[in-house]
file entry04.cif (mmCIF, C-alpha atoms and all ligand atoms)
data_upload
loop_
_atom_site.label_atom_id
_atom_site.label_comp_id
_atom_site.auth_asym_id
_atom_site.auth_seq_id
_atom_site.Cartn_x
_atom_site.Cartn_y
_atom_site.Cartn_z
CA MET A 1 130.58 211.25 137.87
CA SER A 2 132.89 208.52 136.61
CA PRO A 3 135.59 209.61 134.16
CA THR A 4 135.00 209.22 130.41
CA PRO A 5 136.21 205.79 129.27
CA SER A 6 139.36 205.83 127.16
CA ARG A 7 141.08 203.53 124.68
CA GLN A 8 143.50 202.67 127.51
CA ASP A 9 140.57 201.08 129.41
CA PHE A 10 140.31 198.51 126.63
CA ASP A 11 143.77 197.20 127.47
CA THR A 12 143.01 197.36 131.20
CA TYR A 13 139.62 195.70 131.30
CA MET A 14 139.05 193.67 128.15
CA THR A 15 140.56 190.46 126.82
CA PRO A 16 143.11 191.27 124.13
CA ASN A 17 141.45 189.34 121.30
CA TYR A 18 140.75 192.58 119.42
CA ALA A 19 143.02 195.48 118.53
CA PRO A 20 140.60 198.40 118.18
CA GLN A 21 141.61 201.63 116.46
CA LYS A 22 142.55 204.53 118.74
CA VAL A 23 139.39 206.58 118.24
CA ILE A 24 136.15 205.73 120.08
CA PRO A 25 133.03 206.58 118.07
CA VAL A 26 130.19 207.74 120.28
CA ARG A 27 127.44 208.76 117.86
CA GLY A 28 126.31 207.93 114.34
CA LYS A 29 123.80 209.23 111.83
CA GLY A 30 123.42 207.78 108.36
CA SER A 31 126.90 207.16 106.96
CA ARG A 32 128.64 209.51 109.41
CA LEU A 33 130.18 208.78 112.80
CA TRP A 34 131.53 211.13 115.49
CA ASP A 35 134.18 210.26 118.05
CA GLN A 36 134.68 211.40 121.65
CA GLU A 37 136.43 214.56 120.45
CA GLY A 38 133.58 215.41 118.09
CA ARG A 39 135.63 214.54 114.98
CA GLU A 40 133.49 213.34 112.11
CA TYR A 41 134.09 210.28 109.91
CA ILE A 42 132.43 208.76 106.85
CA ASP A 43 131.74 205.13 107.61
CA LEU A 44 132.50 202.69 104.79
CA ALA A 45 133.09 199.86 107.26
CA GLY A 46 129.44 199.67 108.27
CA GLY A 47 130.18 197.63 111.37
CA ILE A 48 131.59 194.92 109.06
CA ALA A 49 128.70 194.80 106.60
CA VAL A 50 126.12 195.08 109.39
CA ASN A 51 124.78 198.65 109.37
CA SER A 52 122.84 198.06 106.17
CA LEU A 53 120.86 201.29 106.59
CA GLY A 54 123.64 203.32 108.17
CA HIS A 55 123.51 204.47 111.76
CA CYS A 56 120.24 205.22 113.57
CA HIS A 57 118.00 204.92 110.51
CA PRO A 58 114.60 206.34 111.54
CA ALA A 59 112.73 203.14 110.56
CA LEU A 60 114.99 201.04 112.78
CA VAL A 61 115.01 203.49 115.68
CA GLY A 62 111.22 203.63 115.41
CA ALA A 63 110.86 199.85 115.46
CA LEU A 64 113.27 199.53 118.38
CA LYS A 65 111.51 202.18 120.45
CA GLU A 66 108.06 200.86 119.71
CA GLN A 67 108.95 197.25 120.50
CA GLY A 68 111.14 198.34 123.42
CA GLU A 69 108.10 199.74 125.17
CA LYS A 70 106.01 196.62 124.50
CA LEU A 71 108.02 193.44 124.99
CA TRP A 72 111.73 192.60 124.83
CA HIS A 73 112.15 188.95 125.52
CA LEU A 74 110.18 185.80 126.20
CA SER A 75 112.40 182.81 125.29
CA ASN A 76 111.07 180.17 122.94
CA ILE A 77 108.67 178.73 125.49
CA TYR A 78 106.36 181.23 123.80
CA THR A 79 106.37 182.50 120.28
CA ASN A 80 105.97 186.20 119.53
CA GLU A 81 104.45 188.42 116.86
CA PRO A 82 107.62 190.08 115.52
CA ALA A 83 109.37 186.69 115.10
CA LEU A 84 106.37 185.27 113.26
CA MET A 85 106.19 188.28 110.95
CA LEU A 86 109.95 188.16 110.32
CA ALA A 87 109.87 184.44 109.49
CA LYS A 88 106.94 184.94 107.10
CA LYS A 89 108.74 187.84 105.41
CA LEU A 90 111.89 185.72 104.89
CA VAL A 91 109.84 182.82 103.51
CA ASP A 92 107.87 185.09 101.17
CA ALA A 93 111.04 186.73 99.83
CA THR A 94 113.17 183.61 99.25
CA PHE A 95 113.22 179.92 98.26
CA ALA A 96 112.67 178.93 101.89
CA ASP A 97 109.65 177.37 103.61
CA LYS A 98 111.04 177.41 107.14
CA VAL A 99 113.16 179.71 109.27
CA TYR A 100 115.21 179.18 112.44
CA LEU A 101 116.08 182.41 114.24
CA CYS A 102 119.18 182.97 116.34
CA SER A 103 121.46 185.85 117.35
CA SER A 104 124.52 185.78 115.07
CA GLY A 105 126.05 184.45 111.88
CA GLY A 106 128.14 181.85 113.63
CA GLU A 107 125.03 180.51 115.35
CA ALA A 108 123.11 180.40 112.07
CA ASN A 109 125.94 178.38 110.51
CA GLU A 110 126.19 176.12 113.56
CA ALA A 111 122.48 175.38 113.13
CA ALA A 112 122.91 174.76 109.39
CA LEU A 113 125.76 172.30 109.93
CA LYS A 114 123.96 170.45 112.72
CA LEU A 115 120.82 170.27 110.59
CA ALA A 116 122.77 168.87 107.63
CA ARG A 117 124.19 166.09 109.84
CA ARG A 118 120.77 165.34 111.35
CA TYR A 119 119.09 165.27 107.95
CA ALA A 120 121.68 162.78 106.67
CA VAL A 121 121.13 160.56 109.72
CA ASP A 122 117.35 160.75 109.27
CA HIS A 123 117.44 159.88 105.56
CA VAL A 124 120.58 157.81 104.98
CA GLY A 125 122.64 156.91 108.03
CA GLU A 126 125.36 157.94 110.47
CA HIS A 127 128.16 157.35 107.97
CA LYS A 128 126.98 160.26 105.81
CA ASP A 129 128.67 162.91 107.93
CA LYS A 130 131.35 164.59 105.79
CA ILE A 131 131.21 168.33 105.32
CA ILE A 132 133.08 170.00 102.48
CA SER A 133 133.98 173.69 102.64
CA PHE A 134 136.66 175.89 101.08
CA ARG A 135 140.12 177.22 101.80
CA GLN A 136 140.04 180.86 102.88
CA SER A 137 136.34 180.61 103.75
CA PHE A 138 134.98 182.11 106.97
CA HIS A 139 131.89 180.79 108.73
CA GLY A 140 132.08 182.08 112.31
CA ARG A 141 133.94 181.55 115.57
CA THR A 142 132.21 178.64 117.29
CA LEU A 143 134.40 175.54 117.41
CA PHE A 144 132.38 173.84 114.65
CA THR A 145 132.33 176.91 112.40
CA VAL A 146 136.04 177.73 112.81
CA SER A 147 136.75 174.12 111.91
CA VAL A 148 134.57 174.28 108.80
CA GLY A 149 136.10 177.65 107.91
CA GLY A 150 139.14 177.45 105.67
CA GLN A 151 141.57 179.58 107.67
CA PRO A 152 143.53 177.33 110.06
CA LYS A 153 144.70 180.31 112.15
CA TYR A 154 141.19 180.54 113.63
CA SER A 155 141.11 176.95 114.93
CA GLU A 156 144.77 176.56 115.90
CA GLY A 157 145.23 175.96 119.60
CA PHE A 158 141.58 175.05 120.22
CA GLY A 159 141.74 171.35 119.41
CA PRO A 160 140.59 168.69 119.38
CA ILE A 161 138.32 170.14 116.73
CA PRO A 162 135.22 168.43 115.29
CA GLY A 163 135.99 165.81 112.64
CA GLY A 164 134.57 164.90 109.25
CA ILE A 165 135.45 168.23 107.64
CA LEU A 166 137.25 168.53 104.28
CA HIS A 167 138.48 171.62 102.47
CA ALA A 168 138.49 172.13 98.70
CA GLU A 169 139.68 175.05 96.57
CA TYR A 170 137.21 177.87 95.99
CA ASN A 171 136.07 178.24 92.37
CA ASP A 172 137.65 174.86 91.52
CA LEU A 173 135.04 172.19 90.88
CA ASP A 174 137.57 169.44 90.27
CA SER A 175 138.91 169.88 93.79
CA VAL A 176 135.36 169.36 95.12
CA ARG A 177 134.72 166.38 92.87
CA ALA A 178 137.87 164.75 94.24
CA LEU A 179 136.56 164.95 97.82
CA MET A 180 132.91 164.19 97.25
CA ASN A 181 131.28 160.81 97.67
CA GLU A 182 128.23 159.13 99.20
CA ASP A 183 129.45 160.08 102.68
CA THR A 184 129.25 163.80 101.93
CA CYS A 185 126.32 165.29 103.84
CA ALA A 186 126.84 168.94 102.93
CA VAL A 187 128.86 171.52 101.04
CA MET A 188 129.06 174.92 102.76
CA VAL A 189 130.04 177.87 100.60
CA GLU A 190 129.91 181.67 100.53
CA PRO A 191 128.56 182.87 97.15
CA MET A 192 131.27 185.49 97.48
CA GLN A 193 134.08 184.95 99.98
CA GLY A 194 134.07 187.93 102.33
CA GLU A 195 136.79 187.61 104.96
CA GLY A 196 138.75 185.56 102.43
CA GLY A 197 139.35 188.63 100.24
CA ILE A 198 136.07 189.57 98.46
CA VAL A 199 136.18 186.80 95.87
CA PRO A 200 132.92 186.19 93.98
CA ALA A 201 132.06 182.64 92.96
CA THR A 202 131.91 181.98 89.26
CA GLN A 203 128.56 181.03 87.78
CA GLU A 204 129.99 177.71 86.67
CA PHE A 205 131.27 176.95 90.17
CA LEU A 206 127.94 177.43 91.97
CA GLU A 207 126.04 175.58 89.24
CA GLY A 208 128.57 172.77 89.45
CA LEU A 209 128.25 172.57 93.24
CA ARG A 210 124.48 172.32 92.88
CA ALA A 211 124.85 169.45 90.40
CA LEU A 212 127.44 167.64 92.54
CA CYS A 213 125.26 167.96 95.64
CA ASP A 214 122.26 166.58 93.76
CA GLU A 215 124.32 163.71 92.40
CA HIS A 216 125.62 162.72 95.86
CA LYS A 217 122.46 163.62 97.79
CA ALA A 218 124.33 166.21 99.80
CA LEU A 219 122.88 169.52 100.98
CA LEU A 220 124.13 172.76 99.50
CA ILE A 221 124.50 175.41 102.19
CA PHE A 222 125.03 179.04 101.19
CA ASP A 223 126.57 181.15 103.91
CA GLU A 224 125.10 184.54 103.06
CA VAL A 225 125.91 186.08 106.43
CA GLN A 226 127.97 188.77 104.68
CA THR A 227 126.44 188.79 101.17
CA GLY A 228 122.79 188.72 102.24
CA VAL A 229 120.03 191.26 102.81
CA GLY A 230 120.67 193.52 99.85
CA ARG A 231 124.44 193.72 100.09
CA SER A 232 124.87 192.17 96.63
CA GLY A 233 122.15 194.27 95.00
CA LYS A 234 119.59 191.49 95.28
CA LEU A 235 118.04 190.44 98.57
CA TYR A 236 120.35 187.39 98.58
CA ALA A 237 123.30 186.73 96.31
CA TYR A 238 121.94 183.30 95.25
CA GLN A 239 119.30 185.22 93.32
CA HIS A 240 122.04 186.67 91.07
CA TYR A 241 123.26 183.22 90.17
CA GLY A 242 119.91 181.49 89.86
CA VAL A 243 121.36 178.65 91.95
CA THR A 244 119.13 177.72 94.87
CA PRO A 245 120.69 176.28 98.02
CA ASP A 246 119.04 173.82 100.40
CA ILE A 247 119.98 175.88 103.42
CA LEU A 248 120.90 179.57 103.58
CA THR A 249 122.27 181.48 106.53
CA SER A 250 121.82 185.19 107.12
CA ALA A 251 122.92 187.63 109.82
CA LYS A 252 125.04 190.83 109.73
CA SER A 253 122.87 193.21 107.58
CA LEU A 254 119.73 191.37 108.69
CA GLY A 255 119.40 193.33 111.91
CA GLY A 256 120.96 196.54 110.61
CA GLY A 257 123.03 196.61 113.82
CA PHE A 258 120.84 194.60 116.18
CA PRO A 259 122.34 191.12 116.74
CA ILE A 260 120.18 188.58 114.92
CA GLY A 261 120.73 185.61 112.63
CA ALA A 262 118.55 183.28 110.62
CA MET A 263 118.81 179.91 108.96
CA LEU A 264 116.47 179.33 106.03
CA THR A 265 115.56 175.96 104.56
CA THR A 266 112.83 173.86 102.99
CA ASP A 267 109.95 172.02 104.67
CA LYS A 268 111.52 168.64 104.03
CA ILE A 269 114.95 169.50 105.40
CA GLY A 270 113.62 171.67 108.21
CA ALA A 271 111.67 168.68 109.52
CA SER A 272 114.95 167.20 110.76
CA LEU A 273 115.28 170.03 113.25
CA GLY A 274 112.54 168.36 115.31
CA PHE A 275 111.31 169.36 118.75
CA GLY A 276 114.18 169.57 121.23
CA THR A 277 116.99 168.98 118.71
CA HIS A 278 118.34 172.53 118.75
CA GLY A 279 117.59 175.92 120.23
CA SER A 280 118.65 179.23 121.64
CA THR A 281 117.37 181.32 124.55
CA TYR A 282 117.48 184.59 122.62
CA GLY A 283 116.76 183.28 119.12
CA GLY A 284 113.94 185.27 117.53
CA ASN A 285 113.44 187.54 120.51
CA PRO A 286 110.80 190.22 119.92
CA LEU A 287 113.19 193.17 120.04
CA GLY A 288 115.65 191.79 117.48
CA SER A 289 112.90 190.43 115.26
CA ALA A 290 111.06 193.76 115.20
CA VAL A 291 114.21 195.60 114.12
CA ALA A 292 115.11 192.99 111.48
CA LEU A 293 111.59 193.09 110.07
CA ALA A 294 111.79 196.88 109.81
CA ALA A 295 115.20 196.61 108.09
CA LEU A 296 113.91 194.03 105.59
CA ASN A 297 110.84 196.11 104.83
CA VAL A 298 113.06 199.05 103.88
CA ILE A 299 115.74 197.03 102.05
CA ASP A 300 113.55 194.61 100.08
CA THR A 301 112.26 197.32 97.77
CA PRO A 302 113.20 198.22 94.19
CA GLU A 303 114.40 201.66 95.34
CA VAL A 304 116.96 200.37 97.82
CA LEU A 305 118.07 197.24 95.92
CA GLY A 306 118.26 199.17 92.63
CA GLY A 307 120.30 201.90 94.31
CA VAL A 308 122.94 199.41 95.42
CA GLU A 309 124.05 198.77 91.84
CA ALA A 310 124.25 202.49 91.05
CA ARG A 311 126.37 203.08 94.15
CA HIS A 312 128.61 200.15 93.23
CA ARG A 313 129.35 201.81 89.89
CA LEU A 314 130.14 205.12 91.55
CA PHE A 315 132.57 203.52 94.01
CA ARG A 316 134.21 201.59 91.20
CA GLN A 317 134.69 204.72 89.05
CA HIS A 318 136.35 206.53 91.93
CA LEU A 319 138.55 203.60 92.94
CA GLU A 320 139.68 203.19 89.36
CA ALA A 321 140.46 206.90 89.09
CA ILE A 322 142.48 206.77 92.32
CA ASN A 323 144.29 203.75 90.99
CA GLU A 324 145.13 205.43 87.68
CA LYS A 325 146.96 208.12 89.62
CA HIS A 326 148.63 206.02 92.30
CA GLY A 327 148.84 202.42 91.04
CA VAL A 328 148.06 200.92 94.44
CA PHE A 329 145.49 198.33 93.33
CA LYS A 330 145.83 195.24 91.21
CA GLU A 331 142.11 194.52 90.94
CA ILE A 332 138.83 196.07 92.06
CA ARG A 333 136.10 193.50 92.52
CA GLY A 334 132.99 192.53 94.43
CA MET A 335 129.25 192.73 94.13
CA GLY A 336 126.90 195.52 95.11
CA LEU A 337 128.16 197.27 98.22
CA LEU A 338 130.71 194.68 99.21
CA ILE A 339 133.75 195.90 97.33
CA GLY A 340 137.34 194.74 97.52
CA ALA A 341 140.43 196.46 96.13
CA GLN A 342 143.39 194.11 96.00
CA MET A 343 146.75 195.79 96.55
CA SER A 344 149.22 195.89 93.67
CA ASP A 345 152.54 194.04 93.93
CA ALA A 346 154.38 197.16 95.07
CA PHE A 347 151.99 197.44 98.04
CA GLU A 348 151.60 193.71 98.71
CA GLY A 349 150.26 193.03 102.20
CA ARG A 350 149.80 196.70 103.03
CA ALA A 351 146.01 197.05 102.98
CA LYS A 352 145.99 197.39 106.77
CA ASP A 353 148.35 200.37 106.62
CA ILE A 354 145.61 202.33 104.86
CA LEU A 355 143.16 202.06 107.79
CA PRO A 356 144.85 204.39 110.33
CA LEU A 357 145.75 206.85 107.53
CA ALA A 358 142.09 206.83 106.47
CA ILE A 359 140.98 207.48 110.05
CA ASP A 360 143.30 210.51 110.16
CA GLU A 361 141.49 211.74 107.04
CA GLY A 362 138.05 211.08 108.52
CA LEU A 363 137.23 207.78 106.87
CA MET A 364 136.44 204.33 108.26
CA ALA A 365 137.20 201.35 106.01
CA LEU A 366 137.97 197.64 106.38
CA ILE A 367 140.37 195.06 105.12
CA ALA A 368 139.70 191.46 104.05
CA GLY A 369 142.97 189.67 104.72
CA PRO A 370 146.33 191.43 104.47
CA ASN A 371 146.02 192.35 100.82
CA VAL A 372 142.51 193.64 100.20
CA LEU A 373 140.94 196.96 101.15
CA ARG A 374 137.25 196.24 101.79
CA LEU A 375 134.30 198.63 101.68
CA ALA A 376 130.92 197.62 103.10
CA PRO A 377 128.97 200.85 103.51
CA SER A 378 125.32 201.52 104.17
CA LEU A 379 123.10 200.39 101.28
CA VAL A 380 121.56 203.87 101.26
CA ILE A 381 124.75 205.93 101.57
CA PRO A 382 124.12 209.30 99.87
CA GLU A 383 126.04 210.00 96.68
CA ALA A 384 127.60 213.08 98.29
CA ASP A 385 129.03 210.90 101.09
CA ILE A 386 130.54 208.54 98.52
CA GLU A 387 132.18 211.49 96.72
CA GLU A 388 133.56 212.92 99.95
CA ALA A 389 134.69 209.49 101.16
CA MET A 390 136.67 208.96 97.97
CA VAL A 391 138.38 212.35 98.38
CA ARG A 392 139.41 211.28 101.88
CA LEU A 393 140.51 207.85 100.69
CA GLU A 394 142.66 209.41 98.02
CA ARG A 395 144.36 211.61 100.63
CA ALA A 396 145.08 208.52 102.74
CA ILE A 397 146.45 206.69 99.73
CA GLU A 398 148.65 209.64 98.78
CA ARG A 399 150.18 209.37 102.23
CA LEU A 400 150.66 205.61 101.81
CA VAL A 401 152.40 206.15 98.49
CA ARG A 402 154.48 209.17 99.61
CA PRO A 403 154.97 209.00 103.36
CA SER A 404 156.01 212.42 104.69
C1 LIG A 501 130.77 187.46 109.76
C2 LIG A 501 130.55 186.14 109.14
C3 LIG A 501 130.17 185.03 109.91
C4 LIG A 501 130.08 185.08 111.41
O1 LIG A 501 129.06 185.90 111.87
P1 LIG A 501 129.04 186.33 113.43
O2 LIG A 501 127.77 187.14 113.53
O3 LIG A 501 130.28 187.10 113.68
O4 LIG A 501 128.98 185.09 114.22
C5 LIG A 501 129.90 183.85 109.24
N1 LIG A 501 130.00 183.76 107.91
C6 LIG A 501 130.36 184.80 107.14
C7 LIG A 501 130.43 184.63 105.66
C8 LIG A 501 130.67 186.02 107.73
O5 LIG A 501 131.06 187.05 106.97
#
call {"tool": "encode", "arguments": {"input": "entry04.cif", "output": "structure tokens"}}
result
Amino acid sequence: MSPTPSRQDFDTYMTPNYAPQKVIPVRGKGSRLWDQEGREYIDLAGGIAVNSLGHCHPALVGALKEQGEKLWHLSNIYTNEPALMLAKKLVDATFADKVYLCSSGGEANEAALKLARRYAVDHVGEHKDKIISFRQSFHGRTLFTVSVGGQPKYSEGFGPIPGGILHAEYNDLDSVRALMNEDTCAVMVEPMQGEGGIVPATQEFLEGLRALCDEHKALLIFDEVQTGVGRSGKLYAYQHYGVTPDILTSAKSLGGGFPIGAMLTTDKIGASLGFGTHGSTYGGNPLGSAVALAALNVIDTPEVLGGVEARHRLFRQHLEAINEKHGVFKEIRGMGLLIGAQMSDAFEGRAKDILPLAIDEGLMALIAGPNVLRLAPSLVIPEADIEEAMVRLERAIERLVRPS
């Protein structure tokens, strides 16, 4: 028998582009994880806003097993029943008429950006190629999406990067107005910046972007890779704002842990993604589609979506109570179960120091940039797990405030 893999093997065998925590989780159930030593953790990281129904939810395990014994993969030379049912479900539940399926958020955004360029060429001309996005935004790790993303550290050293990309200030319409003209083909925006620090868009900002895009005949693309599929308390965050995009991208929570992404759009715009223009070998494969359909069928219900708001309030109460005692946070913000706690001035830049302390206390959490503690738990996390998680978080924060 080969020896049990260890954290050391990561450094030996894997490229060093990640810096994983010391513990290796081996099993999960609901909002709990267990590591190799059998230690138990409450998971508020949720695989970075992916495990929308926690770990090994029976509906997802059931769908995976059932489909796994029928058909895994075909490629898009054939279509398949789960993909067709998933696409119909997404169309029925949103503004969209058409769906393109792929395997990740970055791929969904890549498709959205390529489609926006193609649509502009089809309807106006090659000069209409400028894409506007926002500082601090995050749209994925392909070369196009890191270039559109507003964090230069992710594209540095990978040039030459694609051109025709401009960055404005988030929640600042004037900065968009200053960049926008008849050559703008698309504006890509997260309704709430995730990686950029859990910063919700203002109502005025998204409405203003919609109006500017209409005025300049540019497409409005909402990147809902992190905010989508119930995370915000509605199926998609655009439904909170009542501002409808032309293209929407979804991934992360969509598969509940199975890698899948989707790009949603209208009939008219979708027509520009004609035969042969774009594709993916795995996109919409039966296994992923079956799991995503099962996840959507559980999440897109009043019980689950309604419960997100109640859980948000509970988290907020506890975070505020912790803050009253310890003064570590400047602001607690977010929507639904994507919650950010910005560190106070005295703890500036120290959000990441909480993570290993939390692990010691049996709690998994996330950060969003150096200054924001981020929570993205299961949408169905039990109230008792929230209570216990907040006890553990407080212990970690006590140790941050008063190191022994
Ligand atoms: C995570 C994320 C992506 C990238 O998704 P991958 O599945 O990692 O490619 C894109 N946009 C947003 C807003 C994200 O949070």
call {"tool": "residues_near_ligand", "arguments": {"input": "entry04.cif", "ligand": "ligand LIG 501 (chain A)", "cutoff": "9 Å", "atoms": "only C-alpha atoms and all ligand atoms", "output": "JSON, numbers by chain"}}
result
{"A": [48, 49, 50, 103, 104, 105, 106, 107, 108, 109, 137, 138, 139, 140, 141, 142, 145, 149, 189, 190, 191, 192, 193, 194, 195, 196, 222, 223, 224, 225, 226, 227, 249, 250, 251, 252, 259, 260, 261]}
call {"tool": "closest_residue", "arguments": {"input": "entry04.cif", "among": "A:Ala290, A:Ala271, A:Leu115, A:Val380", "to": "A:Leu305", "atoms": "all atoms listed in the file"}}
result
A:Val380
call {"tool": "residues_around", "arguments": {"input": "entry04.cif", "residues": "A:Gly257", "least_positions_apart": "3", "cutoff": "10 Å", "atoms": "only C-alpha atoms", "output": "number ranges by chain"}}
result
A: 46-56, 60, 251-254, 260, 288, 291-292, 295
call {"tool": "residues_near_point", "arguments": {"input": "entry04.cif", "point": "(122.2, 182.7, 88.3)", "cutoff": "10 Å", "atoms": "only C-alpha atoms", "output": "VMD selection string"}}
result
chain A and resid 202 to 204 206 to 207 237 to 244
call {"tool": "write_last_selection", "arguments": {"input": "entry04.cif", "atoms": "C-alpha atoms", "output": "short mmCIF file (atom, residue, chain, number, x, y, z; two decimals), in the coordinates of the input"}}
result
data_model
loop_
_atom_site.label_atom_id
_atom_site.label_comp_id
_atom_site.auth_asym_id
_atom_site.auth_seq_id
_atom_site.Cartn_x
_atom_site.Cartn_y
_atom_site.Cartn_z
CA THR A 202 131.91 181.98 89.26
CA GLN A 203 128.56 181.03 87.78
CA GLU A 204 129.99 177.71 86.67
CA LEU A 206 127.94 177.43 91.97
CA GLU A 207 126.04 175.58 89.24
CA ALA A 237 123.30 186.73 96.31
CA TYR A 238 121.94 183.30 95.25
CA GLN A 239 119.30 185.22 93.32
CA HIS A 240 122.04 186.67 91.07
CA TYR A 241 123.26 183.22 90.17
CA GLY A 242 119.91 181.49 89.86
CA VAL A 243 121.36 178.65 91.95
CA THR A 244 119.13 177.72 94.87
#
call {"tool": "residues_around", "arguments": {"input": "entry04.cif", "residues": "A:Val91", "least_positions_apart": "4", "cutoff": "12 Å", "atoms": "all atoms listed in the file", "output": "JSON, numbers by chain"}}
result
{"A": [84, 85, 86, 87, 95, 96, 97, 98, 99, 100, 248, 262, 263, 264, 265, 266, 267]}
call {"tool": "atom_distance", "arguments": {"input": "entry04.cif", "atom1": "atom CA of A:Thr79", "atom2": "atom CA of A:Leu287"}}
result
12.7 Å
call {"tool": "residues_around", "arguments": {"input": "entry04.cif", "residues": "A:Ser147", "least_positions_apart": "3", "cutoff": "7 Å", "atoms": "only C-alpha atoms", "output": "list in words"}}
result
Leu143, Phe144, Ser155, Ile161 and Pro162 of chain A
call {"tool": "residues_around", "arguments": {"input": "entry04.cif", "residues": "A:Gly274", "least_positions_apart": "3", "cutoff": "12 Å", "atoms": "only C-alpha atoms", "output": "list in words"}}
result
Tyr100, Lys114, Leu115, Arg118, Tyr119, Asp122, Asp267, Lys268, Ile269, Gly270, Ala271, Thr277, His278 and Gly279 of chain A
call {"tool": "decode", "arguments": {"input": "entry04.cif", "residues": "stretch 204-215 of chain A", "atoms": "N, CA, C and O atoms", "output": "PDB file, in the first residue's frame"}}
result
ATOM      1  N   GLU A 204     -27.955  52.729  -8.117  1.00  0.00           N
ATOM      2  CA  GLU A 204     -27.742  53.794  -9.094  1.00  0.00           C
ATOM      3  C   GLU A 204     -26.659  53.403 -10.114  1.00  0.00           C
ATOM      4  O   GLU A 204     -26.769  53.679 -11.309  1.00  0.00           O
ATOM      5  N   PHE A 205     -25.630  52.745  -9.636  1.00  0.00           N
ATOM      6  CA  PHE A 205     -24.513  52.353 -10.500  1.00  0.00           C
ATOM      7  C   PHE A 205     -24.971  51.365 -11.574  1.00  0.00           C
ATOM      8  O   PHE A 205     -24.731  51.568 -12.764  1.00  0.00           O
ATOM      9  N   LEU A 206     -25.675  50.292 -11.155  1.00  0.00           N
ATOM     10  CA  LEU A 206     -26.087  49.289 -12.151  1.00  0.00           C
ATOM     11  C   LEU A 206     -27.135  49.862 -13.097  1.00  0.00           C
ATOM     12  O   LEU A 206     -27.099  49.597 -14.306  1.00  0.00           O
ATOM     13  N   GLU A 207     -28.038  50.679 -12.572  1.00  0.00           N
ATOM     14  CA  GLU A 207     -29.024  51.323 -13.458  1.00  0.00           C
ATOM     15  C   GLU A 207     -28.323  52.242 -14.446  1.00  0.00           C
ATOM     16  O   GLU A 207     -28.672  52.293 -15.625  1.00  0.00           O
ATOM     17  N   GLY A 208     -27.333  52.961 -13.958  1.00  0.00           N
ATOM     18  CA  GLY A 208     -26.588  53.881 -14.822  1.00  0.00           C
ATOM     19  C   GLY A 208     -25.806  53.140 -15.896  1.00  0.00           C
ATOM     20  O   GLY A 208     -25.727  53.592 -17.052  1.00  0.00           O
ATOM     21  N   LEU A 209     -25.219  51.979 -15.527  1.00  0.00           N
ATOM     22  CA  LEU A 209     -24.498  51.187 -16.532  1.00  0.00           C
ATOM     23  C   LEU A 209     -25.448  50.701 -17.618  1.00  0.00           C
ATOM     24  O   LEU A 209     -25.109  50.713 -18.804  1.00  0.00           O
ATOM     25  N   ARG A 210     -26.645  50.284 -17.189  1.00  0.00           N
ATOM     26  CA  ARG A 210     -27.646  49.821 -18.164  1.00  0.00           C
ATOM     27  C   ARG A 210     -27.963  50.955 -19.153  1.00  0.00           C
ATOM     28  O   ARG A 210     -27.990  50.747 -20.369  1.00  0.00           O
ATOM     29  N   ALA A 211     -28.170  52.152 -18.615  1.00  0.00           N
ATOM     30  CA  ALA A 211     -28.530  53.294 -19.475  1.00  0.00           C
ATOM     31  C   ALA A 211     -27.371  53.655 -20.403  1.00  0.00           C
ATOM     32  O   ALA A 211     -27.581  53.915 -21.598  1.00  0.00           O
ATOM     33  N   LEU A 212     -26.141  53.642 -19.870  1.00  0.00           N
ATOM     34  CA  LEU A 212     -24.978  53.981 -20.703  1.00  0.00           C
ATOM     35  C   LEU A 212     -24.786  52.949 -21.813  1.00  0.00           C
ATOM     36  O   LEU A 212     -24.464  53.295 -22.957  1.00  0.00           O
ATOM     37  N   CYS A 213     -24.974  51.679 -21.477  1.00  0.00           N
ATOM     38  CA  CYS A 213     -24.835  50.625 -22.493  1.00  0.00           C
ATOM     39  C   CYS A 213     -25.898  50.786 -23.573  1.00  0.00           C
ATOM     40  O   CYS A 213     -25.606  50.637 -24.762  1.00  0.00           O
ATOM     41  N   ASP A 214     -27.119  51.101 -23.177  1.00  0.00           N
ATOM     42  CA  ASP A 214     -28.177  51.305 -24.177  1.00  0.00           C
ATOM     43  C   ASP A 214     -27.840  52.487 -25.082  1.00  0.00           C
ATOM     44  O   ASP A 214     -27.978  52.412 -26.300  1.00  0.00           O
ATOM     45  N   GLU A 215     -27.366  53.552 -24.457  1.00  0.00           N
ATOM     46  CA  GLU A 215     -27.050  54.766 -25.204  1.00  0.00           C
ATOM     47  C   GLU A 215     -25.960  54.500 -26.251  1.00  0.00           C
ATOM     48  O   GLU A 215     -26.021  54.987 -27.376  1.00  0.00           O
TER      49      GLU A 215
END
